[in-house]
file entry-v5.cif (mmCIF, C-alpha atoms)
data_structure
#
loop_
_atom_site.label_atom_id
_atom_site.label_comp_id
_atom_site.auth_asym_id
_atom_site.auth_seq_id
_atom_site.Cartn_x
_atom_site.Cartn_y
_atom_site.Cartn_z
CA MET V 1 -60.62 33.29 -51.80
CA ALA V 2 -62.98 32.88 -48.89
CA ILE V 3 -64.51 29.59 -47.86
CA GLN V 4 -68.15 29.66 -48.91
CA GLU V 5 -69.70 26.72 -47.08
CA ALA V 6 -69.90 26.98 -43.30
CA PHE V 7 -68.65 24.17 -41.07
CA GLU V 8 -68.06 23.59 -37.40
CA TYR V 9 -64.58 23.14 -35.94
CA ALA V 10 -63.54 20.75 -33.19
CA LYS V 11 -60.13 20.08 -31.68
CA PRO V 12 -60.39 16.86 -29.68
CA LYS V 13 -57.86 16.17 -26.93
CA THR V 14 -57.89 12.39 -27.19
CA LEU V 15 -57.91 9.85 -30.00
CA ARG V 16 -61.07 8.36 -28.53
CA GLU V 17 -62.82 11.70 -28.67
CA ALA V 18 -61.64 12.17 -32.26
CA THR V 19 -62.95 8.80 -33.46
CA LYS V 20 -66.25 9.40 -31.63
CA LEU V 21 -66.66 12.72 -33.41
CA LEU V 22 -65.88 11.04 -36.72
CA ARG V 23 -68.48 8.33 -36.08
CA LYS V 24 -71.19 10.78 -35.03
CA ASN V 25 -70.67 13.24 -37.86
CA LYS V 26 -70.94 11.61 -41.26
CA GLY V 27 -69.90 14.81 -43.01
CA ALA V 28 -66.79 15.33 -40.91
CA MET V 29 -63.28 15.70 -42.32
CA VAL V 30 -59.96 15.47 -40.54
CA LEU V 31 -57.50 18.36 -40.49
CA ALA V 32 -53.78 17.85 -39.82
CA GLY V 33 -51.47 20.06 -41.91
CA GLY V 34 -54.32 21.38 -44.02
CA THR V 35 -52.17 22.16 -47.05
CA ASP V 36 -54.55 20.10 -49.20
CA LEU V 37 -57.74 20.37 -47.14
CA VAL V 38 -57.82 24.17 -46.79
CA GLY V 39 -57.25 24.51 -50.54
CA TYR V 40 -60.09 22.06 -51.22
CA LEU V 41 -62.36 24.00 -48.81
CA LYS V 42 -61.64 27.27 -50.57
CA GLU V 43 -62.30 25.78 -53.99
CA GLY V 44 -65.56 24.23 -52.79
CA PHE V 45 -64.17 20.83 -53.75
CA VAL V 46 -65.30 19.51 -50.34
CA SER V 47 -67.92 20.85 -47.94
CA PRO V 48 -67.72 19.06 -44.58
CA SER V 49 -70.17 19.78 -41.79
CA LEU V 50 -67.38 19.47 -39.26
CA VAL V 51 -63.62 19.83 -39.44
CA ILE V 52 -61.81 17.78 -36.81
CA ASP V 53 -58.39 19.24 -36.07
CA ILE V 54 -56.24 16.42 -34.71
CA LYS V 55 -53.19 18.54 -33.87
CA SER V 56 -53.72 18.13 -30.09
CA LEU V 57 -53.15 14.37 -30.32
CA ALA V 58 -49.48 14.34 -29.33
CA GLU V 59 -49.22 10.56 -29.68
CA LEU V 60 -49.63 10.98 -33.45
CA LYS V 61 -46.62 13.32 -33.70
CA LYS V 62 -44.06 10.54 -33.24
CA ILE V 63 -41.45 8.90 -35.42
CA GLU V 64 -40.37 5.62 -33.84
CA PHE V 65 -38.35 2.56 -34.71
CA LYS V 66 -39.79 -0.55 -33.12
CA GLY V 67 -40.44 -4.14 -34.11
CA ASN V 68 -38.01 -3.65 -37.01
CA ALA V 69 -40.30 -1.07 -38.58
CA LEU V 70 -40.29 2.69 -38.86
CA HIS V 71 -43.54 4.18 -37.56
CA ILE V 72 -44.63 7.59 -38.72
CA GLY V 73 -47.57 9.17 -36.93
CA ALA V 74 -50.34 11.07 -38.68
CA LEU V 75 -49.06 14.45 -37.44
CA VAL V 76 -45.48 13.98 -38.62
CA THR V 77 -44.66 16.66 -41.18
CA PHE V 78 -42.13 16.37 -43.99
CA THR V 79 -39.94 18.80 -42.05
CA ASP V 80 -40.11 16.45 -39.03
CA ILE V 81 -38.93 13.63 -41.30
CA LEU V 82 -36.06 15.75 -42.61
CA GLU V 83 -34.97 16.62 -39.07
CA SER V 84 -35.42 13.14 -37.59
CA LYS V 85 -32.30 11.34 -36.41
CA VAL V 86 -34.16 8.01 -36.48
CA VAL V 87 -35.04 8.49 -40.16
CA ALA V 88 -31.49 9.60 -41.00
CA LYS V 89 -30.13 6.45 -39.38
CA LYS V 90 -32.71 3.84 -40.34
CA LEU V 91 -34.13 4.94 -43.68
CA PRO V 92 -32.23 7.91 -45.14
CA VAL V 93 -33.97 7.54 -48.50
CA LEU V 94 -37.12 8.82 -46.76
CA ARG V 95 -35.31 12.12 -46.31
CA GLU V 96 -34.59 12.18 -50.02
CA ILE V 97 -38.33 11.80 -50.59
CA ALA V 98 -39.40 14.40 -48.00
CA GLU V 99 -36.93 16.90 -49.40
CA LYS V 100 -38.58 16.70 -52.81
CA VAL V 101 -42.04 17.58 -51.53
CA ALA V 102 -43.06 21.14 -52.46
CA SER V 103 -41.20 23.85 -50.52
CA VAL V 104 -40.15 24.57 -46.94
CA GLY V 105 -43.33 26.50 -46.10
CA ILE V 106 -45.45 23.55 -47.20
CA ARG V 107 -43.19 20.88 -45.67
CA ASN V 108 -43.44 22.66 -42.32
CA ARG V 109 -47.15 21.84 -42.30
CA ALA V 110 -47.88 19.01 -44.71
CA THR V 111 -47.85 15.49 -43.27
CA LEU V 112 -46.88 12.22 -44.93
CA VAL V 113 -50.17 10.71 -43.79
CA GLY V 114 -52.08 13.65 -45.27
CA ASN V 115 -50.23 13.01 -48.51
CA ILE V 116 -51.46 9.41 -48.68
CA CYS V 117 -54.99 10.43 -47.61
CA SER V 118 -55.25 12.97 -50.43
CA ALA V 119 -53.84 10.21 -52.64
CA VAL V 120 -53.33 12.29 -55.76
CA PRO V 121 -51.52 10.26 -58.46
CA CYS V 122 -48.35 12.36 -58.26
CA LEU V 123 -47.86 11.92 -54.50
CA ASP V 124 -44.26 11.53 -53.37
CA SER V 125 -45.02 9.29 -50.37
CA GLY V 126 -46.63 6.52 -52.39
CA PRO V 127 -43.82 4.64 -54.18
CA VAL V 128 -41.74 4.00 -51.03
CA LEU V 129 -44.77 2.63 -49.19
CA VAL V 130 -45.86 0.21 -51.90
CA ALA V 131 -42.27 -0.87 -52.61
CA MET V 132 -41.42 -1.55 -48.97
CA ASP V 133 -44.71 -3.20 -48.02
CA GLY V 134 -45.73 -0.25 -45.87
CA VAL V 135 -48.81 -0.56 -43.69
CA VAL V 136 -51.46 2.10 -43.07
CA HIS V 137 -52.93 2.12 -39.56
CA VAL V 138 -56.51 3.29 -39.10
CA LYS V 139 -58.69 3.53 -36.04
CA SER V 140 -62.39 3.95 -35.49
CA THR V 141 -64.80 3.42 -32.60
CA LEU V 142 -65.17 -0.13 -33.93
CA GLY V 143 -61.47 -0.94 -33.61
CA ALA V 144 -58.23 -0.75 -35.54
CA ARG V 145 -57.24 -1.99 -38.99
CA LYS V 146 -53.93 -2.39 -40.75
CA ILE V 147 -54.07 -1.93 -44.49
CA PRO V 148 -51.14 -2.86 -46.77
CA ALA V 149 -50.09 0.18 -48.82
CA GLU V 150 -50.78 -1.61 -52.09
CA LYS V 151 -54.40 -2.10 -51.01
CA TRP V 152 -54.67 1.42 -49.59
CA PHE V 153 -54.50 3.24 -52.93
CA LEU V 154 -57.67 2.38 -54.86
CA GLY V 155 -57.57 5.07 -57.51
CA ALA V 156 -56.82 8.75 -58.03
CA ARG V 157 -57.86 10.41 -54.74
CA LYS V 158 -59.47 7.14 -53.63
CA THR V 159 -58.27 5.18 -50.62
CA ALA V 160 -59.39 2.17 -48.61
CA ARG V 161 -60.30 4.39 -45.65
CA LYS V 162 -63.89 3.76 -44.58
CA PRO V 163 -66.23 6.41 -43.14
CA GLY V 164 -65.53 6.91 -39.46
CA GLU V 165 -61.91 5.81 -39.74
CA LEU V 166 -59.00 7.98 -38.73
CA VAL V 167 -55.54 7.24 -40.10
CA THR V 168 -53.20 7.20 -37.11
CA GLY V 169 -49.97 6.52 -38.99
CA VAL V 170 -47.99 4.34 -41.33
CA SER V 171 -45.26 1.83 -40.68
CA ILE V 172 -42.51 0.76 -43.01
CA PRO V 173 -40.92 -2.62 -42.25
CA LEU V 174 -37.17 -2.36 -42.71
CA PRO V 175 -35.20 -5.12 -44.43
CA LYS V 176 -32.95 -7.26 -42.22
CA GLY V 177 -29.76 -6.73 -44.20
CA LYS V 178 -27.93 -3.55 -45.04
CA ALA V 179 -29.92 -1.55 -47.55
CA ALA V 180 -29.75 1.63 -49.56
CA GLY V 181 -32.35 3.37 -51.65
CA CYS V 182 -32.91 6.10 -54.16
CA TYR V 183 -35.92 8.25 -55.03
CA LEU V 184 -35.90 10.18 -58.27
CA LYS V 185 -38.58 12.70 -59.10
CA LEU V 186 -38.94 14.28 -62.50
CA GLY V 187 -40.34 17.82 -62.52
CA ARG V 188 -40.67 20.51 -65.14
CA TYR V 189 -38.13 22.67 -63.34
CA GLN V 190 -36.04 22.58 -60.20
CA GLY V 191 -37.66 23.79 -57.03
CA GLU V 192 -41.25 23.08 -56.14
CA ASP V 193 -43.24 21.13 -58.68
CA LEU V 194 -45.50 18.13 -58.84
CA ALA V 195 -43.94 14.98 -60.23
CA GLN V 196 -44.22 14.14 -63.91
CA ALA V 197 -42.92 10.71 -62.98
CA SER V 198 -41.04 9.25 -60.07
CA VAL V 199 -39.07 6.08 -59.36
CA PHE V 200 -38.20 4.49 -56.04
CA VAL V 201 -35.56 1.78 -55.72
CA LEU V 202 -34.34 -0.05 -52.62
CA MET V 203 -31.45 -2.48 -52.74
CA VAL V 204 -30.87 -4.90 -49.91
CA GLY V 205 -27.27 -6.12 -49.83
CA GLY V 206 -25.94 -9.65 -49.35
CA LYS V 207 -24.71 -12.51 -51.46
CA LYS V 208 -27.89 -12.31 -53.46
CA PRO V 209 -29.01 -8.70 -53.44
CA GLU V 210 -32.74 -8.08 -53.37
CA PHE V 211 -34.47 -5.15 -55.01
CA ARG V 212 -37.69 -3.23 -54.48
CA VAL V 213 -38.99 -0.98 -57.22
CA ALA V 214 -42.03 1.30 -57.51
CA PHE V 215 -43.22 4.09 -59.76
CA GLY V 216 -45.28 7.19 -59.05
CA SER V 217 -47.22 9.66 -61.18
CA VAL V 218 -47.44 7.24 -64.11
CA GLY V 219 -50.84 5.80 -63.26
CA PRO V 220 -53.76 6.54 -60.95
CA VAL V 221 -51.95 4.91 -58.02
CA PRO V 222 -48.29 4.25 -57.16
CA SER V 223 -47.33 0.88 -58.61
CA ARG V 224 -44.81 -1.80 -57.75
CA GLY V 225 -42.47 -3.02 -60.46
CA ARG V 226 -42.43 -6.74 -59.70
CA ARG V 227 -41.14 -7.94 -63.08
CA ILE V 228 -38.25 -5.51 -62.75
CA GLU V 229 -37.58 -6.68 -59.19
CA LYS V 230 -37.53 -10.29 -60.36
CA SER V 231 -35.10 -9.50 -63.14
CA LEU V 232 -32.76 -7.52 -60.86
CA ASN V 233 -32.99 -10.18 -58.15
CA ALA V 234 -31.93 -12.76 -60.73
CA GLY V 235 -28.76 -10.77 -61.28
CA GLU V 236 -29.76 -9.06 -64.52
CA SER V 237 -28.33 -5.57 -65.05
CA GLU V 238 -30.24 -2.32 -64.68
CA THR V 239 -29.76 -1.75 -68.39
CA ALA V 240 -31.62 -4.99 -69.06
CA ALA V 241 -34.29 -3.94 -66.55
CA ARG V 242 -35.01 -0.82 -68.59
CA ALA V 243 -36.66 -2.96 -71.25
CA LEU V 244 -39.27 -4.09 -68.74
CA VAL V 245 -40.49 -0.60 -67.82
CA GLY V 246 -43.08 -0.58 -70.61
CA SER V 247 -44.62 -3.77 -69.24
CA GLU V 248 -44.94 -2.32 -65.74
CA ILE V 249 -46.47 1.11 -66.28
CA LYS V 250 -49.04 2.61 -68.60
CA PRO V 251 -48.66 6.37 -68.20
CA ILE V 252 -50.99 8.86 -69.87
CA THR V 253 -50.37 12.14 -71.63
CA ASP V 254 -51.55 15.13 -69.62
CA ILE V 255 -50.72 18.75 -68.94
CA ARG V 256 -47.40 17.89 -67.26
CA ALA V 257 -45.89 15.40 -69.74
CA THR V 258 -46.58 13.09 -72.63
CA ARG V 259 -46.92 9.33 -72.30
CA GLU V 260 -43.76 8.80 -74.37
CA TYR V 261 -41.68 11.20 -72.29
CA ARG V 262 -42.82 9.62 -69.05
CA LEU V 263 -42.02 6.12 -70.31
CA HIS V 264 -38.60 7.12 -71.56
CA MET V 265 -37.69 9.02 -68.41
CA CYS V 266 -38.85 6.16 -66.21
CA GLU V 267 -36.35 3.93 -68.01
CA VAL V 268 -33.57 6.49 -67.50
CA MET V 269 -34.53 7.07 -63.86
CA LEU V 270 -34.80 3.36 -63.10
CA GLU V 271 -31.30 2.74 -64.41
CA ARG V 272 -29.81 5.68 -62.50
CA ALA V 273 -31.71 4.90 -59.32
CA VAL V 274 -30.43 1.31 -59.31
CA GLN V 275 -26.90 2.56 -59.93
CA ALA V 276 -27.19 5.12 -57.13
CA ALA V 277 -28.66 2.60 -54.68
CA ARG V 278 -25.90 0.09 -55.50
CA ALA V 279 -23.20 2.72 -55.01
CA ARG V 280 -24.77 3.96 -51.79
CA LEU V 281 -24.83 0.44 -50.46
CA THR V 282 -21.06 0.27 -50.71
CA GLY V 283 -20.72 3.74 -49.26
CA ASP V 284 -19.43 5.64 -52.26
CA GLY V 285 -22.67 6.69 -53.90
CA PRO V 286 -24.03 10.18 -54.36
CA ALA V 287 -25.25 11.81 -51.15
CA TYR V 288 -28.95 11.46 -50.45
CA GLY V 289 -30.70 14.37 -52.12
CA ALA V 290 -27.93 14.92 -54.71
CA ALA V 291 -29.09 15.79 -58.22
CA ILE V 292 -28.98 12.59 -60.27
CA ILE V 293 -31.37 13.55 -63.04
CA MET O 1 -70.04 28.95 -34.32
CA LYS O 2 -67.41 31.59 -33.57
CA LYS O 3 -64.52 30.73 -31.32
CA THR O 4 -62.34 33.07 -29.32
CA ILE O 5 -58.67 32.49 -30.02
CA HIS O 6 -55.70 33.86 -28.13
CA PHE O 7 -52.32 34.21 -29.76
CA THR O 8 -49.25 36.41 -29.95
CA LEU O 9 -48.87 38.65 -32.97
CA ASN O 10 -45.44 40.24 -33.32
CA GLY O 11 -44.88 39.99 -29.60
CA GLN O 12 -48.26 41.36 -28.57
CA LYS O 13 -51.02 39.27 -27.06
CA ARG O 14 -54.20 39.28 -29.11
CA SER O 15 -57.65 37.78 -28.71
CA ILE O 16 -60.21 37.68 -31.48
CA ASP O 17 -63.45 35.88 -32.30
CA VAL O 18 -63.15 33.90 -35.51
CA ALA O 19 -65.53 31.79 -37.56
CA PRO O 20 -64.17 28.31 -38.44
CA THR O 21 -64.22 29.27 -42.12
CA GLU O 22 -61.91 32.27 -41.72
CA ILE O 23 -58.53 31.93 -43.42
CA LEU O 24 -55.54 33.18 -41.42
CA LEU O 25 -54.44 35.47 -44.26
CA GLU O 26 -57.88 37.14 -44.42
CA MET O 27 -57.98 37.60 -40.68
CA LEU O 28 -54.51 39.18 -40.57
CA ARG O 29 -55.16 41.55 -43.47
CA GLU O 30 -58.81 42.42 -43.17
CA ARG O 31 -59.47 42.25 -39.45
CA LEU O 32 -56.12 43.04 -37.84
CA GLY O 33 -54.82 45.37 -40.55
CA VAL O 34 -51.53 43.50 -41.01
CA LYS O 35 -50.96 43.97 -44.73
CA SER O 36 -47.49 42.53 -45.29
CA PRO O 37 -48.66 38.97 -46.04
CA LYS O 38 -50.17 39.17 -49.52
CA CYS O 39 -52.58 37.04 -51.46
CA GLY O 40 -50.69 35.95 -54.58
CA CYS O 41 -51.65 32.51 -55.85
CA ASP O 42 -53.98 31.69 -52.93
CA ARG O 43 -52.95 28.03 -53.10
CA GLY O 44 -49.61 27.74 -51.36
CA ASP O 45 -47.35 27.94 -54.40
CA CYS O 46 -46.04 31.51 -54.37
CA GLY O 47 -45.08 32.24 -50.77
CA THR O 48 -46.24 35.86 -50.63
CA CYS O 49 -48.60 35.05 -47.75
CA SER O 50 -45.82 33.49 -45.63
CA VAL O 51 -45.86 34.18 -41.90
CA LEU O 52 -43.76 32.67 -39.14
CA VAL O 53 -45.76 30.54 -36.74
CA ASN O 54 -43.66 29.41 -33.78
CA GLY O 55 -40.55 30.15 -35.83
CA ARG O 56 -41.55 28.22 -38.95
CA THR O 57 -42.74 29.79 -42.19
CA LEU O 58 -46.22 28.69 -43.10
CA ARG O 59 -48.64 29.63 -45.82
CA SER O 60 -51.29 31.78 -44.19
CA CYS O 61 -53.55 31.25 -47.22
CA LEU O 62 -53.67 27.53 -46.38
CA MET O 63 -54.43 27.88 -42.69
CA LEU O 64 -57.62 28.42 -40.81
CA ALA O 65 -57.38 31.36 -38.42
CA VAL O 66 -58.75 29.17 -35.64
CA GLU O 67 -55.66 26.93 -35.91
CA ILE O 68 -53.33 29.57 -34.50
CA ASP O 69 -54.96 29.55 -31.07
CA GLY O 70 -52.05 29.57 -28.61
CA ALA O 71 -49.35 30.16 -31.25
CA ALA O 72 -46.83 32.95 -31.79
CA VAL O 73 -47.28 34.59 -35.19
CA THR O 74 -44.60 36.86 -36.65
CA THR O 75 -44.97 38.93 -39.78
CA ILE O 76 -42.30 41.19 -41.19
CA GLU O 77 -43.65 44.01 -39.02
CA GLY O 78 -42.37 42.04 -36.04
CA LEU O 79 -38.84 41.28 -37.28
CA GLY O 80 -37.08 44.54 -36.39
CA LYS O 81 -36.13 45.56 -32.89
CA ASP O 82 -36.46 49.06 -31.39
CA GLY O 83 -37.36 50.59 -34.73
CA GLU O 84 -34.29 49.04 -36.42
CA MET O 85 -34.66 46.72 -39.36
CA SER O 86 -33.34 43.17 -39.05
CA PRO O 87 -30.00 42.45 -40.80
CA LEU O 88 -31.89 40.69 -43.60
CA GLN O 89 -34.25 43.62 -44.08
CA LYS O 90 -31.32 46.05 -44.15
CA THR O 91 -29.35 43.99 -46.64
CA PHE O 92 -32.35 43.47 -48.93
CA HIS O 93 -32.75 47.25 -48.88
CA GLU O 94 -29.06 47.99 -49.49
CA ARG O 95 -28.70 45.42 -52.25
CA ASN O 96 -31.93 46.41 -53.95
CA ALA O 97 -33.06 42.82 -53.62
CA PHE O 98 -36.59 43.60 -54.72
CA GLN O 99 -38.32 45.88 -57.15
CA CYS O 100 -42.07 45.92 -56.63
CA GLY O 101 -41.74 44.53 -53.12
CA PHE O 102 -44.71 42.17 -53.35
CA CYS O 103 -42.62 39.08 -52.57
CA ALA O 104 -40.18 40.73 -50.17
CA PRO O 105 -41.95 40.06 -46.84
CA GLY O 106 -42.31 36.36 -47.68
CA MET O 107 -38.74 36.15 -48.99
CA ILE O 108 -37.33 37.76 -45.86
CA LEU O 109 -39.40 35.57 -43.54
CA SER O 110 -38.29 32.41 -45.38
CA ALA O 111 -34.68 33.61 -45.23
CA THR O 112 -35.11 34.37 -41.52
CA GLU O 113 -36.21 30.80 -40.87
CA LEU O 114 -33.40 29.42 -43.04
CA LEU O 115 -30.66 31.36 -41.25
CA ALA O 116 -32.11 30.51 -37.84
CA ARG O 117 -31.73 26.79 -38.65
CA ASN O 118 -28.68 26.94 -40.87
CA PRO O 119 -26.61 30.09 -40.15
CA GLU O 120 -24.14 29.46 -42.97
CA PRO O 121 -26.01 27.95 -45.89
CA THR O 122 -24.48 27.22 -49.27
CA ARG O 123 -25.87 28.99 -52.31
CA ASP O 124 -27.84 25.83 -53.19
CA GLU O 125 -29.26 25.66 -49.69
CA VAL O 126 -30.43 29.28 -49.97
CA LYS O 127 -32.07 28.44 -53.30
CA GLU O 128 -33.82 25.45 -51.74
CA GLY O 129 -34.86 27.51 -48.72
CA LEU O 130 -36.45 30.15 -50.96
CA ALA O 131 -37.81 27.77 -53.63
CA GLY O 132 -41.35 28.29 -52.42
CA ASN O 133 -41.18 32.07 -52.72
CA LEU O 134 -41.69 33.42 -56.19
CA CYS O 135 -40.38 36.79 -57.40
CA ARG O 136 -41.42 38.10 -60.82
CA CYS O 137 -39.09 41.12 -60.93
CA THR O 138 -35.47 40.74 -59.93
CA GLY O 139 -34.59 37.29 -61.13
CA TYR O 140 -33.52 36.04 -57.70
CA THR O 141 -29.79 36.77 -57.95
CA PRO O 142 -29.79 39.89 -55.73
CA ILE O 143 -32.12 38.11 -53.28
CA ILE O 144 -29.84 35.09 -52.93
CA ASP O 145 -26.79 37.38 -52.73
CA ALA O 146 -28.44 39.36 -49.93
CA VAL O 147 -29.15 36.24 -47.89
CA LEU O 148 -25.59 34.97 -48.37
CA GLU O 149 -24.18 38.34 -47.36
CA VAL O 150 -26.13 38.30 -44.10
CA SER O 151 -25.03 34.73 -43.42
CA ARG O 152 -21.38 35.68 -43.94
CA LYS O 153 -21.78 38.70 -41.68
CA SER O 154 -23.28 36.57 -38.94
CA GLY O 155 -20.46 34.07 -39.51
CA GLU O 156 -17.83 36.80 -39.04
CA GLY O 157 -19.35 37.76 -35.73
CA LYS O 158 -18.65 34.35 -34.23
#
call {"tool": "encode", "arguments": {"input": "entry-v5.cif", "output": "structure tokens"}}
result
Amino acid sequence: MAIQEAFEYAKPKTLREATKLLRKNKGAMVLAGGTDLVGYLKEGFVSPSLVIDIKSLAELKKIEFKGNALHIGALVTFTDILESKVVAKKLPVLREIAEKVASVGIRNRATLVGNICSAVPCLDSGPVLVAMDGVVHVKSTLGARKIPAEKWFLGARKTARKPGELVTGVSIPLPKGKAAGCYLKLGRYQGEDLAQASVFVLMVGGKKPEFRVAFGSVGPVPSRGRRIEKSLNAGESETAARALVGSEIKPITDIRATREYRLHMCEVMLERAVQAARARLTGDGPAYGAAII
Amino acid sequence: MKKTIHFTLNGQKRSIDVAPTEILLEMLRERLGVKSPKCGCDRGDCGTCSVLVNGRTLRSCLMLAVEIDGAAVTTIEGLGKDGEMSPLQKTFHERNAFQCGFCAPGMILSATELLARNPEPTRDEVKEGLAGNLCRCTGYTPIIDAVLEVSRKSGEGK
């Protein structure tokens, strides 16, 4: 399928140049991996006047650990995350997430930031960010803003990004204590598929363990499970936490799954994710990426 | 506005004027006559349009041609050396690892990337490496067997 609507193409060499182009051209769109954007262009879903390719901005291609947070630049692909030693050491559950995104040929191009900019309800990068109080960094000619992940996702394909703003990266603050996580994604078959539902759990160890829980693909935006967190933090079991799932999410029936199936599987996945995170914390859990559902 | 891009295609330097709207797959097939990448799903799901760009498989249906300025692009035409097929190509041929052949270039390119990064993959790792390449004929078993055979051969040579 050919792209029908013409556009101009620019590949700025500096961030400043990129934000200037974005400010001057109201109809501009940003291109990083393009695995969503090029598809949208072909389908006529979007028709920008200018496509700004940011792949020359080397400073956005970094994964760094500083200030007790993991920073992931806008050009970091899912393959970069999978191959990153920093990620493997500081937040291995992020590898488990990256591994579940589409297939190698897509992961080689698709970026985590692109994933949250497209903001489709089934995105894999959403639950971890809302659960761990991730922050989205944007820049424009007017300055920079930091947007908490929970305020970033406004609806299906809707984000808090304002015209003229370029997302430069995300940061994920890491908990002080020892922690382990688990991301479970339900698909119709193994291999590449969009999520029917997904659950993210992080457990921070200590005398009084602390939990973070979020769900994906069961609402227009990824959602935090605060009632479940409270229950788990109070020492209740994961089996007891299952009963709270229905109060946290209101999934719909669509082409990929029914409401009932999503609800039931979220209960199952929550229980198994908590069990896996707990076992991983003590070092004898299933390897990250192992099939748990 | 058209832009002149310079890149390497199967080891040869090429320059071509492209419009920003041109898709890499279209440019390769229609303008440069490289027909091994195919248009299957046209949305990144099937892998038949796979090409190697700087050693990584990418979906040429989801790339603008203008994006490959400065890159090294390899299609299956560029895998063999001195008229000889690559070990993967040979083994796919010997093991009859395809029937209609539509998926074969993409499969072999994905397997090439996999073995370059992980010379001795497990069966599950081969499956994961090829999960984005769909075959509608053989049922995958001979394909996975072929990749494992090449990996064992390369392992023996060490």
call {"tool": "closest_atom_pairs", "arguments": {"input": "entry-v5.cif", "of": "chain O", "to": "chain V", "cutoff": "9 Å", "atoms": "all atoms listed in the file", "output": "CSV"}}
result
residue,atom,partner,partner_atom,distance
O:Met1,CA,V:Glu8,CA,6.5
O:Lys2,CA,V:Glu8,CA,8.9
O:Lys3,CA,V:Tyr9,CA,8.9
O:Ala19,CA,V:Glu8,CA,8.6
O:Pro20,CA,V:Tyr9,CA,5.8
O:Thr21,CA,V:Ile3,CA,5.8
O:Glu22,CA,V:Ile3,CA,7.2
O:Ile23,CA,V:Ala2,CA,7.1
O:Glu26,CA,V:Ala2,CA,8.0
O:Cys39,CA,V:Met1,CA,8.9
O:Asp42,CA,V:Met1,CA,6.9
O:Arg43,CA,V:Gly39,CA,6.1
O:Gly44,CA,V:Ile106,CA,7.2
O:Asp45,CA,V:Glu192,CA,8.0
O:Gly47,CA,V:Gly105,CA,7.6
O:Ser50,CA,V:Gly105,CA,7.4
O:Arg56,CA,V:Asn108,CA,6.8
O:Thr57,CA,V:Gly105,CA,5.1
O:Leu58,CA,V:Gly105,CA,4.7
O:Arg59,CA,V:Gly105,CA,6.2
O:Cys61,CA,V:Val38,CA,8.3
O:Leu62,CA,V:Val38,CA,5.4
O:Met63,CA,V:Val38,CA,6.5
O:Leu64,CA,V:Val38,CA,7.3
O:Val66,CA,V:Tyr9,CA,8.4
O:Glu67,CA,V:Asp53,CA,8.2
O:Ser110,CA,V:Gly105,CA,7.8
O:Lys127,CA,V:Gly191,CA,8.2
O:Glu128,CA,V:Gly191,CA,6.7
O:Gly129,CA,V:Val104,CA,6.3
O:Leu130,CA,V:Val104,CA,7.8
O:Ala131,CA,V:Gly191,CA,5.2
O:Gly132,CA,V:Ser103,CA,4.8
O:Asn133,CA,V:Ser103,CA,8.5
call {"tool": "residues_around", "arguments": {"input": "entry-v5.cif", "residues": "stretch 218-228 of chain V", "least_positions_apart": "3", "cutoff": "8 Å", "atoms": "only C-alpha atoms", "output": "NGL selection string"}}
result
:V and (119-122 or 126-127 or 130-131 or 150 or 153-156 or 196-198 or 212-215 or 231-232 or 241 or 244-245 or 248-252 or 262)
call {"tool": "atom_distance", "arguments": {"input": "entry-v5.cif", "atom1": "atom CA of V:Gly205", "atom2": "atom CA of V:Leu123"}}
result
27.8 Å
call {"tool": "resolve_selection", "arguments": {"input": "entry-v5.cif", "expression": "the PyMOL selection byres ((chain O and resi 119) around 12)", "output": "list in words"}}
result
Ala111, Thr112, Glu113, Leu114, Leu115, Ala116, Arg117, Asn118, Glu120, Pro121, Thr122, Glu125, Val126, Val147, Leu148, Glu149, Val150, Ser151, Arg152, Lys153, Ser154, Gly155, Glu156, Gly157 and Lys158 of chain O
call {"tool": "resolve_selection", "arguments": {"input": "entry-v5.cif", "expression": "the PyMOL selection byres ((chain O and resi 136-142) around 8)", "output": "list in words"}}
result
Arg95, Asn96, Ala97, Phe98, Gln99, Cys100, Leu134, Cys135, Ile143, Ile144, Asp145 and Ala146 of chain O
call {"tool": "resolve_selection", "arguments": {"input": "entry-v5.cif", "expression": "the PyMOL selection byres ((chain V and resi 175-177) around 8)", "output": "VMD selection string"}}
result
chain V and resid 173 to 174 178 to 179 204 to 206
call {"tool": "residues_near_point", "arguments": {"input": "entry-v5.cif", "point": "(-45.4, 39.5, -47.7)", "cutoff": "10 Å", "atoms": "all atoms listed in the file", "output": "PyMOL selection string"}}
result
chain O and resi 34-40+47-51+75-77+101-109+133
call {"tool": "atom_distance", "arguments": {"input": "entry-v5.cif", "atom1": "atom CA of V:Ile72", "atom2": "atom CA of V:Leu281"}}
result
24.1 Å
call {"tool": "residues_around", "arguments": {"input": "entry-v5.cif", "residues": "V:Leu166", "least_positions_apart": "4", "cutoff": "10 Å", "atoms": "only C-alpha atoms", "output": "list of chain:residue names"}}
result
V:Leu15, V:Ala18, V:Thr19, V:Leu22, V:Arg23, V:Met29, V:Val30, V:Ile54, V:Ala74, V:His137, V:Val138, V:Lys139, V:Ser140, V:Thr141, V:Ala144, V:Arg161, V:Lys162
call {"tool": "closest_residue", "arguments": {"input": "entry-v5.cif", "among": "V:Pro12, V:Gly283, V:Gly169, V:Pro148", "to": "V:Met132", "atoms": "all atoms listed in the file"}}
result
V:Pro148
call {"tool": "closest_residue", "arguments": {"input": "entry-v5.cif", "among": "O:Cys41, O:Gly33, O:Ile68, O:Thr74", "to": "O:Val18", "atoms": "all atoms listed in the file"}}
result
O:Ile68
call {"tool": "residues_around", "arguments": {"input": "entry-v5.cif", "residues": "O:Ala71", "least_positions_apart": "3", "cutoff": "7 Å", "atoms": "all atoms listed in the file", "output": "count of residues only"}}
result
5
